[in-house]
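Shown below: data.txt, with compact mmCIF, C-alpha atoms.
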```
# COMPACT_ATOMS: atom_id res chain seq x y z
CA MET A 1 -44.04 -44.74 -13.85
CA SER A 2 -44.05 -41.44 -11.97
CA LYS A 3 -40.72 -39.86 -11.09
CA ASN A 4 -39.73 -39.65 -7.44
CA TYR A 5 -38.67 -36.06 -6.87
CA LEU A 6 -37.90 -36.47 -3.17
CA THR A 7 -34.20 -36.01 -2.47
CA SER A 8 -32.32 -39.18 -1.58
CA LYS A 9 -31.47 -37.62 1.79
CA LEU A 10 -35.15 -37.56 2.78
CA GLN A 11 -36.29 -40.82 1.20
CA PRO A 12 -35.34 -42.96 4.24
CA PHE A 13 -37.55 -40.87 6.52
CA GLY A 14 -40.92 -40.52 4.76
CA SER A 15 -43.76 -38.65 6.46
CA SER A 16 -43.68 -37.75 10.15
CA ILE A 17 -45.22 -40.31 12.51
CA PHE A 18 -47.16 -37.46 14.13
CA ALA A 19 -48.92 -36.62 10.87
CA GLU A 20 -49.58 -40.30 10.16
CA MET A 21 -51.16 -41.04 13.52
CA THR A 22 -53.24 -37.86 13.56
CA LYS A 23 -54.53 -38.83 10.11
CA MET A 24 -55.36 -42.32 11.41
CA ALA A 25 -57.15 -40.78 14.40
CA LEU A 26 -59.32 -38.66 12.11
CA GLU A 27 -60.09 -41.56 9.76
CA ASN A 28 -61.17 -43.80 12.64
CA ASN A 29 -62.88 -41.14 14.77
CA ALA A 30 -60.38 -42.02 17.49
CA ILE A 31 -59.43 -39.92 20.50
CA ASN A 32 -56.05 -38.45 19.59
CA LEU A 33 -53.52 -39.13 22.34
CA SER A 34 -50.73 -39.36 19.78
CA GLN A 35 -49.57 -35.91 18.78
CA GLY A 36 -48.41 -33.66 21.60
CA PHE A 37 -50.73 -30.70 21.30
CA PRO A 38 -53.39 -29.60 23.80
CA ASP A 39 -57.07 -29.83 22.89
CA PHE A 40 -57.64 -26.63 24.87
CA ASP A 41 -56.60 -23.00 24.46
CA GLY A 42 -53.80 -21.21 26.22
CA PRO A 43 -54.25 -18.28 28.62
CA GLU A 44 -56.81 -15.62 27.80
CA PHE A 45 -54.40 -12.80 28.65
CA ILE A 46 -52.03 -13.94 25.89
CA LYS A 47 -54.83 -14.31 23.34
CA GLN A 48 -56.05 -10.83 24.20
CA ALA A 49 -52.51 -9.48 23.79
CA ALA A 50 -52.42 -10.95 20.27
CA CYS A 51 -55.65 -9.19 19.34
CA GLU A 52 -54.26 -5.95 20.72
CA ALA A 53 -51.03 -6.40 18.75
CA ILE A 54 -52.97 -6.94 15.51
CA ASN A 55 -55.15 -3.91 16.14
CA ALA A 56 -52.06 -1.85 17.00
CA GLY A 57 -50.67 -2.53 13.52
CA HIS A 58 -47.97 -5.10 14.33
CA ASN A 59 -48.71 -6.97 11.11
CA GLN A 60 -45.64 -6.56 8.89
CA TYR A 61 -42.35 -8.45 8.90
CA ALA A 62 -40.69 -8.60 12.29
CA ASN A 63 -36.97 -8.22 12.84
CA THR A 64 -35.53 -11.42 11.38
CA PHE A 65 -33.93 -12.27 14.75
CA GLY A 66 -37.15 -11.63 16.70
CA VAL A 67 -39.06 -8.70 18.16
CA PRO A 68 -36.59 -6.91 20.50
CA ALA A 69 -39.06 -6.73 23.39
CA LEU A 70 -39.56 -10.50 23.24
CA ARG A 71 -35.84 -11.20 23.14
CA LYS A 72 -35.41 -9.01 26.22
CA ALA A 73 -38.27 -10.79 27.99
CA ILE A 74 -36.59 -14.13 27.28
CA ALA A 75 -33.25 -12.87 28.59
CA ASP A 76 -35.00 -11.72 31.77
CA LYS A 77 -36.66 -15.12 32.15
CA TYR A 78 -33.37 -17.06 31.87
CA ASN A 79 -31.74 -14.76 34.39
CA LYS A 80 -34.66 -15.01 36.83
CA PHE A 81 -35.18 -18.78 36.68
CA TYR A 82 -31.67 -20.08 36.08
CA GLY A 83 -29.18 -17.27 36.71
CA LEU A 84 -28.07 -17.38 33.06
CA SER A 85 -27.12 -14.09 31.40
CA TYR A 86 -27.83 -13.86 27.67
CA ASN A 87 -27.42 -10.70 25.63
CA PRO A 88 -30.80 -10.26 23.89
CA ASP A 89 -29.16 -8.43 20.98
CA THR A 90 -26.56 -11.07 20.11
CA GLU A 91 -27.35 -14.32 21.97
CA ILE A 92 -31.11 -14.83 21.58
CA SER A 93 -33.14 -15.46 18.44
CA ILE A 94 -36.80 -16.22 17.77
CA LEU A 95 -37.51 -19.00 15.28
CA ALA A 96 -40.64 -20.68 13.95
CA GLY A 97 -41.07 -23.17 16.78
CA ALA A 98 -38.52 -25.50 18.33
CA THR A 99 -38.54 -27.76 15.28
CA GLU A 100 -37.27 -24.98 13.02
CA ALA A 101 -34.83 -23.98 15.75
CA ILE A 102 -33.42 -27.53 15.84
CA PHE A 103 -33.25 -27.83 12.05
CA THR A 104 -31.76 -24.38 11.49
CA THR A 105 -29.18 -24.78 14.26
CA ILE A 106 -27.99 -28.10 12.86
CA ILE A 107 -27.77 -27.01 9.23
CA SER A 108 -25.97 -23.84 10.27
CA ILE A 109 -23.08 -25.49 12.13
CA ILE A 110 -22.80 -29.08 10.88
CA ASN A 111 -20.60 -29.69 7.85
CA SER A 112 -20.65 -32.65 5.49
CA GLY A 113 -19.04 -35.62 7.21
CA ASP A 114 -19.43 -34.26 10.75
CA GLU A 115 -20.80 -36.77 13.24
CA VAL A 116 -23.60 -36.01 15.70
CA ILE A 117 -24.46 -38.18 18.72
CA ILE A 118 -28.21 -38.55 19.21
CA MET A 119 -29.73 -40.21 22.26
CA GLU A 120 -32.60 -42.50 21.38
CA PRO A 121 -35.55 -42.44 21.74
CA TYR A 122 -35.33 -39.05 20.06
CA TYR A 123 -37.60 -36.36 18.67
CA ASP A 124 -37.92 -37.46 15.06
CA SER A 125 -36.59 -34.27 13.46
CA TYR A 126 -33.07 -34.70 14.90
CA PRO A 127 -31.73 -37.31 12.45
CA VAL A 128 -33.52 -35.66 9.52
CA ALA A 129 -31.80 -32.35 10.19
CA VAL A 130 -28.38 -33.98 10.62
CA THR A 131 -28.82 -35.91 7.37
CA MET A 132 -29.96 -32.84 5.45
CA ALA A 133 -26.84 -31.03 6.68
CA GLY A 134 -24.68 -33.85 5.31
CA GLY A 135 -23.77 -35.08 8.78
CA LEU A 136 -23.72 -38.62 10.11
CA CYS A 137 -25.79 -39.79 13.07
CA ARG A 138 -24.40 -41.92 15.86
CA TYR A 139 -26.96 -43.32 18.29
CA LEU A 140 -26.81 -43.95 22.02
CA THR A 141 -29.76 -45.96 23.34
CA LEU A 142 -31.44 -44.95 26.60
CA GLU A 143 -33.16 -48.18 27.58
CA PHE A 144 -36.65 -48.62 29.07
CA PRO A 145 -37.54 -48.34 31.92
CA ASP A 146 -34.90 -46.07 33.54
CA PHE A 147 -33.49 -44.44 30.37
CA LYS A 148 -30.05 -43.95 31.93
CA ILE A 149 -27.08 -42.67 29.96
CA ASP A 150 -24.27 -45.19 29.60
CA PHE A 151 -21.41 -42.69 29.62
CA GLU A 152 -18.79 -45.28 28.66
CA LYS A 153 -20.78 -46.10 25.54
CA LEU A 154 -21.30 -42.41 24.89
CA GLU A 155 -17.59 -41.69 24.96
CA SER A 156 -16.85 -44.74 22.80
CA LEU A 157 -18.91 -43.15 20.00
CA ILE A 158 -16.68 -40.08 19.89
CA ASN A 159 -13.93 -39.75 17.31
CA ASN A 160 -12.15 -36.94 15.48
CA LYS A 161 -15.24 -36.35 13.30
CA THR A 162 -17.65 -35.91 16.21
CA ARG A 163 -18.94 -32.33 16.35
CA MET A 164 -22.12 -32.36 18.42
CA ILE A 165 -24.26 -34.12 21.03
CA ILE A 166 -28.03 -33.58 21.20
CA ILE A 167 -29.76 -33.91 24.57
CA ASN A 168 -33.44 -33.43 25.40
CA THR A 169 -34.43 -32.64 29.00
CA PRO A 170 -37.16 -33.02 30.18
CA HIS A 171 -37.17 -35.87 27.72
CA ASN A 172 -39.72 -36.69 25.06
CA PRO A 173 -40.94 -39.45 24.93
CA SER A 174 -39.72 -40.98 28.20
CA GLY A 175 -40.55 -38.17 30.63
CA LYS A 176 -37.07 -38.40 32.16
CA VAL A 177 -35.58 -35.27 33.73
CA PHE A 178 -31.79 -35.44 33.60
CA SER A 179 -30.09 -34.95 36.96
CA ARG A 180 -27.31 -32.51 37.76
CA ALA A 181 -24.90 -35.43 38.14
CA GLU A 182 -25.75 -36.72 34.67
CA LEU A 183 -25.38 -33.27 33.12
CA GLU A 184 -22.07 -32.71 34.88
CA THR A 185 -20.71 -35.99 33.50
CA LEU A 186 -21.96 -35.07 30.04
CA ALA A 187 -20.30 -31.68 30.41
CA LYS A 188 -16.92 -33.23 31.20
CA ILE A 189 -17.12 -35.30 28.03
CA ALA A 190 -18.22 -32.34 25.91
CA VAL A 191 -15.42 -30.15 27.25
CA LYS A 192 -12.81 -32.90 26.91
CA HIS A 193 -13.65 -33.45 23.25
CA ASP A 194 -14.57 -29.82 22.42
CA LEU A 195 -18.14 -30.67 21.37
CA THR A 196 -21.12 -28.41 20.80
CA VAL A 197 -24.29 -29.48 22.61
CA ILE A 198 -27.84 -28.82 21.49
CA SER A 199 -30.04 -28.94 24.58
CA ASP A 200 -33.70 -29.28 23.64
CA GLU A 201 -35.55 -27.96 26.69
CA VAL A 202 -39.05 -27.31 25.38
CA TYR A 203 -40.67 -28.96 28.42
CA GLU A 204 -38.56 -26.98 30.91
CA HIS A 205 -41.57 -25.80 32.92
CA LEU A 206 -43.36 -29.16 32.97
CA THR A 207 -41.71 -31.14 35.78
CA PHE A 208 -43.41 -33.17 38.50
CA ASP A 209 -42.94 -34.56 42.00
CA GLY A 210 -40.53 -31.83 43.01
CA GLU A 211 -38.13 -32.45 40.13
CA LYS A 212 -36.37 -29.31 38.91
CA HIS A 213 -35.26 -28.65 35.37
CA ILE A 214 -31.53 -27.89 35.15
CA PRO A 215 -30.46 -26.14 31.94
CA THR A 216 -27.43 -27.75 30.33
CA ALA A 217 -25.92 -24.30 29.80
CA SER A 218 -25.88 -23.73 33.56
CA ILE A 219 -23.36 -26.55 34.14
CA GLU A 220 -19.72 -25.51 34.51
CA GLY A 221 -17.96 -25.27 31.15
CA MET A 222 -21.17 -25.55 29.13
CA PHE A 223 -22.43 -22.01 28.56
CA GLU A 224 -19.94 -21.34 25.77
CA ARG A 225 -20.72 -24.56 23.90
CA THR A 226 -24.48 -25.05 24.44
CA VAL A 227 -27.37 -24.10 22.18
CA THR A 228 -30.48 -24.02 24.36
CA ILE A 229 -33.73 -24.49 22.46
CA SER A 230 -37.17 -23.94 23.95
CA SER A 231 -40.72 -23.24 22.87
CA THR A 232 -43.55 -21.03 24.02
CA GLY A 233 -45.93 -23.59 22.53
CA LYS A 234 -45.42 -26.09 25.35
CA THR A 235 -45.31 -23.64 28.25
CA PHE A 236 -48.28 -21.52 27.15
CA SER A 237 -50.31 -24.17 25.23
CA MET A 238 -50.07 -22.19 21.98
CA THR A 239 -48.45 -24.78 19.70
CA GLY A 240 -50.01 -23.27 16.58
CA TRP A 241 -48.24 -19.96 17.09
CA LYS A 242 -44.86 -21.59 16.37
CA ILE A 243 -42.60 -19.41 18.50
CA GLY A 244 -39.34 -21.13 19.38
CA THR A 245 -36.27 -19.72 21.05
CA VAL A 246 -32.54 -20.21 20.57
CA CYS A 247 -30.15 -19.02 23.27
CA ALA A 248 -26.46 -19.46 22.53
CA PRO A 249 -23.10 -17.68 22.70
CA ALA A 250 -22.88 -14.89 20.11
CA PRO A 251 -20.71 -16.78 17.55
CA ILE A 252 -23.12 -19.74 17.50
CA CYS A 253 -26.19 -17.49 17.51
CA ALA A 254 -24.75 -15.55 14.55
CA ALA A 255 -24.43 -18.79 12.58
CA VAL A 256 -28.02 -19.78 13.41
CA ARG A 257 -29.26 -16.33 12.39
CA THR A 258 -27.52 -16.59 9.04
CA ALA A 259 -29.35 -19.82 8.20
CA HIS A 260 -32.67 -18.69 9.67
CA GLN A 261 -32.93 -15.59 7.49
CA TYR A 262 -32.86 -17.81 4.39
CA VAL A 263 -35.13 -20.54 5.78
CA ILE A 264 -38.07 -18.44 6.96
CA PHE A 265 -36.72 -14.90 7.54
CA ALA A 266 -39.09 -13.91 10.37
CA VAL A 267 -41.75 -15.28 12.73
CA ALA A 268 -45.34 -13.98 12.95
CA THR A 269 -45.14 -10.44 14.30
CA PRO A 270 -48.32 -10.04 16.41
CA PHE A 271 -47.78 -13.37 18.15
CA GLN A 272 -44.28 -12.34 19.16
CA HIS A 273 -45.62 -9.12 20.69
CA ALA A 274 -48.28 -11.12 22.53
CA MET A 275 -45.75 -13.57 23.93
CA VAL A 276 -44.01 -10.75 25.75
CA LYS A 277 -47.04 -10.85 28.05
CA GLY A 278 -46.54 -14.58 28.50
CA PHE A 279 -43.03 -14.10 29.81
CA GLU A 280 -44.32 -11.43 32.19
CA ALA A 281 -46.62 -13.97 33.86
CA PRO A 282 -46.25 -14.18 37.67
CA ASP A 283 -44.59 -17.13 39.39
CA SER A 284 -48.05 -18.42 40.29
CA PHE A 285 -48.63 -19.19 36.60
CA TYR A 286 -45.85 -21.81 36.60
CA LYS A 287 -46.97 -23.32 39.91
CA GLU A 288 -50.51 -23.67 38.59
CA LEU A 289 -49.20 -25.10 35.31
CA ILE A 290 -47.47 -27.94 37.14
CA GLU A 291 -50.54 -28.63 39.28
CA PHE A 292 -52.70 -28.59 36.14
CA TYR A 293 -50.56 -31.16 34.33
CA THR A 294 -49.84 -33.29 37.39
CA LYS A 295 -53.54 -34.02 37.69
CA LYS A 296 -53.69 -35.05 34.03
CA ARG A 297 -50.55 -37.17 34.34
CA ASP A 298 -51.90 -39.01 37.37
CA MET A 299 -55.23 -39.57 35.65
CA MET A 300 -53.57 -41.03 32.54
CA ALA A 301 -51.15 -43.13 34.59
CA LYS A 302 -54.00 -44.68 36.60
CA THR A 303 -55.92 -45.47 33.43
CA LEU A 304 -52.97 -47.23 31.83
CA THR A 305 -52.00 -49.14 34.97
CA ASP A 306 -55.58 -50.25 35.61
CA CYS A 307 -55.85 -51.47 32.02
CA GLY A 308 -52.72 -53.62 32.29
CA PHE A 309 -49.94 -51.47 30.80
CA LYS A 310 -46.54 -51.38 32.49
CA ILE A 311 -45.67 -47.72 32.65
CA VAL A 312 -42.82 -45.40 33.56
CA MET A 313 -44.18 -42.50 35.60
CA PRO A 314 -42.86 -39.39 33.86
CA LYS A 315 -41.03 -36.73 35.87
CA GLY A 316 -41.38 -34.20 33.07
CA SER A 317 -43.03 -33.44 29.68
CA TYR A 318 -46.62 -34.51 28.95
CA PHE A 319 -46.13 -38.06 27.70
CA ILE A 320 -46.23 -41.54 29.22
CA MET A 321 -44.29 -44.48 27.80
CA ALA A 322 -45.84 -47.89 28.41
CA ASP A 323 -45.09 -51.56 27.73
CA PHE A 324 -48.11 -53.14 26.02
CA THR A 325 -46.99 -56.78 25.84
CA ASN A 326 -49.67 -57.88 28.33
CA PHE A 327 -52.14 -57.57 25.44
CA GLY A 328 -50.49 -60.17 23.22
CA PHE A 329 -48.95 -57.82 20.67
CA THR A 330 -45.24 -57.79 19.87
CA ASN A 331 -45.04 -54.89 17.40
CA ASP A 332 -45.72 -51.28 18.30
CA VAL A 333 -46.99 -50.25 14.88
CA GLU A 334 -49.50 -53.10 14.75
CA PHE A 335 -50.61 -52.35 18.31
CA CYS A 336 -51.15 -48.66 17.53
CA LYS A 337 -53.11 -49.52 14.38
CA TYR A 338 -55.30 -51.81 16.51
CA LEU A 339 -55.74 -49.09 19.14
CA ALA A 340 -56.83 -46.51 16.56
CA SER A 341 -59.08 -48.75 14.47
CA GLN A 342 -60.65 -50.99 17.13
CA ILE A 343 -60.29 -49.25 20.50
CA LYS A 344 -60.66 -45.78 18.93
CA VAL A 345 -57.71 -44.26 20.78
CA ALA A 346 -54.67 -43.05 18.84
CA ALA A 347 -51.15 -43.29 20.29
CA ILE A 348 -47.62 -43.16 18.92
CA PRO A 349 -45.53 -46.25 18.05
CA PRO A 350 -42.12 -45.29 19.49
CA THR A 351 -40.00 -47.20 16.97
CA ALA A 352 -40.32 -43.93 15.02
CA PHE A 353 -38.01 -42.50 17.69
CA TYR A 354 -35.35 -45.23 17.46
CA PHE A 355 -32.63 -46.14 14.99
CA ASN A 356 -32.27 -49.44 16.82
CA LYS A 357 -35.93 -50.36 16.43
CA ARG A 358 -35.95 -53.36 18.76
CA HIS A 359 -35.73 -51.06 21.78
CA GLY A 360 -39.09 -49.48 20.99
CA GLU A 361 -41.12 -52.27 19.44
CA LYS A 362 -42.88 -53.28 22.69
CA LEU A 363 -43.67 -49.72 23.78
CA VAL A 364 -46.34 -47.12 23.11
CA ARG A 365 -46.46 -43.38 23.86
CA PHE A 366 -49.56 -41.57 25.11
CA ALA A 367 -49.95 -37.78 25.36
CA PHE A 368 -51.89 -36.46 28.36
CA CYS A 369 -52.01 -32.77 27.35
CA LYS A 370 -55.78 -33.05 26.92
CA LYS A 371 -58.96 -31.96 28.65
CA GLU A 372 -59.99 -34.15 31.57
CA GLU A 373 -63.13 -35.17 29.70
CA THR A 374 -60.94 -36.28 26.78
CA LEU A 375 -58.78 -38.37 29.10
CA ALA A 376 -61.88 -39.82 30.78
CA ALA A 377 -63.37 -40.77 27.41
CA ALA A 378 -60.08 -42.41 26.42
CA ALA A 379 -60.06 -44.32 29.72
CA GLY A 380 -63.48 -45.70 28.93
CA ARG A 381 -62.36 -46.94 25.55
CA LEU A 382 -59.03 -48.34 26.75
CA SER A 383 -60.85 -50.34 29.43
CA SER A 384 -62.05 -52.67 26.66
CA LEU A 385 -58.49 -53.91 26.09
CA LYS A 386 -58.12 -57.56 27.04
CA ILE A 387 -55.00 -58.89 28.77
CA SER A 388 -53.60 -61.96 27.00
CA ARG A 389 -52.95 -64.83 29.39
```
Serialized structure, structure tokens:
Amino acid sequence: MSKNYLTSKLQPFGSSIFAEMTKMALENNAINLSQGFPDFDGPEFIKQAACEAINAGHNQYANTFGVPALRKAIADKYNKFYGLSYNPDTEISILAGATEAIFTTIISIINSGDEVIIMEPYYDSYPVAVTMAGGLCRYLTLEFPDFKIDFEKLESLINNKTRMIIINTPHNPSGKVFSRAELETLAKIAVKHDLTVISDEVYEHLTFDGEKHIPTASIEGMFERTVTISSTGKTFSMTGWKIGTVCAPAPICAAVRTAHQYVIFAVATPFQHAMVKGFEAPDSFYKELIEFYTKKRDMMAKTLTDCGFKIVMPKGSYFIMADFTNFGFTNDVEFCKYLASQIKVAAIPPTAFYFNKRHGEKLVRFAFCKKEETLAAAAGRLSSLKISR
């Protein structure tokens, strides 16, 4: 019998659902609408900037906290878009994507026995990071189809061991964009109980139908207790570059920096230099980005509705959650296996994003960050689904 070397902390989690479904897509020659990465390149001007950075000799270790010019560009962006003032020297750090930013932030400030409130459905790295830090997860379910926060339930989860709340807006996988009223109520609870908040805002520039992203840190009383995490991968369609950002008050940022230097030390130097150009993009870039993704969202939504799914139209991110029970299935994993193997379209079973699995077992998540021809091909395949009467 072979020995299991995996730490007991990680054994309950296994491999990521994203890796599993991408593997299934490859094995079945299925169109991959599971993992949230574009099947197209980001802007040419950013790619060219990377080539120039390499040729200019920016190929050795970067400053462990991030290339100074990039940190300044990020500070300028937060001031311009949201009126938030971060010191690029002490309150902004560059990490290896938002996932490392989430993990490193949690392990840097959560002690053994601390409790962290996670809203489900959640990005699957949240509970893993809390567990690895020795913390305990407490879950608040946001229920399909409106995904509203029950603030009475939220406050009932808080006790003298509660240290942190994690929020994700715009929300993956639901596409919900949290309103100012919701964030203000959350803020009152966080201030009342002296809680730190991680605000995962990687889809901040992907909002639809006139919805506006409101940073949690911009709400009264929240700047000094909020860690804002974002990602250039989502905004600029460069997920493989793995450039994430942490913006937080200096004492929190210092803690994150301490952990980061031992986790990965520094992020790829030429890509950081190139991303300075990304943050210098004109306002028209963001307007065109929303128009670009709105068309894809509407295309995917029509496909799913025409096929018989019951969907929630997302107001942000690039995912659609759908109820698939019209097709006679009652388990999301079995439905996604059927989709990949028989329909040749891969999607995500959302129970991977729930502690209370029953809330996700009749749902499926599709990513629409794909070329229009990819979405059209997927539509053709999904049209063969048969509604069960």
Practice prompt. Around the point (-25.7, -39.4, -0.4), in the coordinates given by the file, pick out the residues reaching within 9 Å, counting all atoms listed in the file, and return them as a PyMOL selection string.
Written response: chain A and resi 8-9+134
Selection file, C-alpha atoms, as a PDB file, in the coordinates of the input:
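Generated output (result.pdb):
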```
ATOM      1  CA  SER A   8     -32.320 -39.180  -1.580  1.00  0.00           C
ATOM      2  CA  LYS A   9     -31.470 -37.620   1.790  1.00  0.00           C
ATOM      3  CA  GLY A 134     -24.680 -33.850   5.310  1.00  0.00           C
TER       4      GLY A 134
END
```
Worksheet entry | Nearest to A:Thr305, chosen from A:Val227, A:Leu385, A:Ile167, A:Leu6, with only C-alpha atoms counted in the distances | A:Leu385
Item to complete: Record the distance separating atom CA of A:Glu115 and atom CA of A:Arg138, expressed in Å with one decimal.
Response: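 Calculated distance between atom CA of A:Glu115 and atom CA of A:Arg138 is 6.8 Å.
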Worksheet item: Which protein, DNA or RNA residues are at most 6 Å from (-26.8, -17.4, 23.0) in the file's coordinates when you count all atoms listed in the file, listed as a PyMOL selection string?
Response: chain A and resi 86+91-92+247-250+253
Fill in: Within 7 Å of A:Lys362 using all atoms listed in the file, minus same-chain residues under 6 positions, as JSON, numbers by chain
{"A": [323, 324, 325, 330, 331, 332]}
Practice prompt. For atom CA of A:Pro314 and atom CA of A:Phe144, quote the distance in Å rounded to one decimal.
Written response: 12.1 Å
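Minimum atom-to-atom distances from A:Phe366, A:Tyr126, A:Phe13, A:Tyr61 to A:Met313 were compared using only C-alpha atoms, and the lowest value belongs to A:Phe366.
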Practice prompt. Please identify all polymer residues within 10 Å of stretch 76-85 of chain A, counting all atoms listed in the file, omitting same-chain residues fewer than 6 positions from it, and present them as a list in words.
Written response: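 Final neighbour list, sorted by chain and number: Leu70, Glu91, His213, Ile214, Pro215, Ala217, Ser218, Phe223, Cys247, Phe279, Glu280 and Asp283 of chain A.
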Discussion item. Restricting the calculation to only C-alpha atoms: of A:Gly14, A:Tyr5, A:Thr269, A:Asp306, which residue gets closest to A:Ala352?
Written reply: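 Nearest to A:Ala352: A:Gly14.
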Worksheet item: Smallest atom-to-atom distance to A:Lys302: which of A:Thr169, A:Ser383, A:Gln35, A:Thr245, using only C-alpha atoms?
Response: A:Ser383
Worksheet item: Smallest atom-to-atom distance to A:Ser34: which of A:Val191, A:Ala19, A:Leu10, A:Ala98, using only C-alpha atoms?
Response: A:Ala19
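Non-sequential neighbours of A:Gly328 (distance at most 12 Å, separation of 5 or more positions within a chain, only C-alpha atoms) are Gly308, Phe309, Asp323, Glu334, Phe335, Tyr338, Lys362, Leu385, Lys386, Ile387, Ser388 and Arg389 of chain A.
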Worksheet item: At what distance in Å, to one decimal, does atom CA of A:Val364 lie from atom CA of A:Ala322?
Response: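 About the pair atom CA of A:Ala322 and atom CA of A:Val364: they are 5.4 Å apart.
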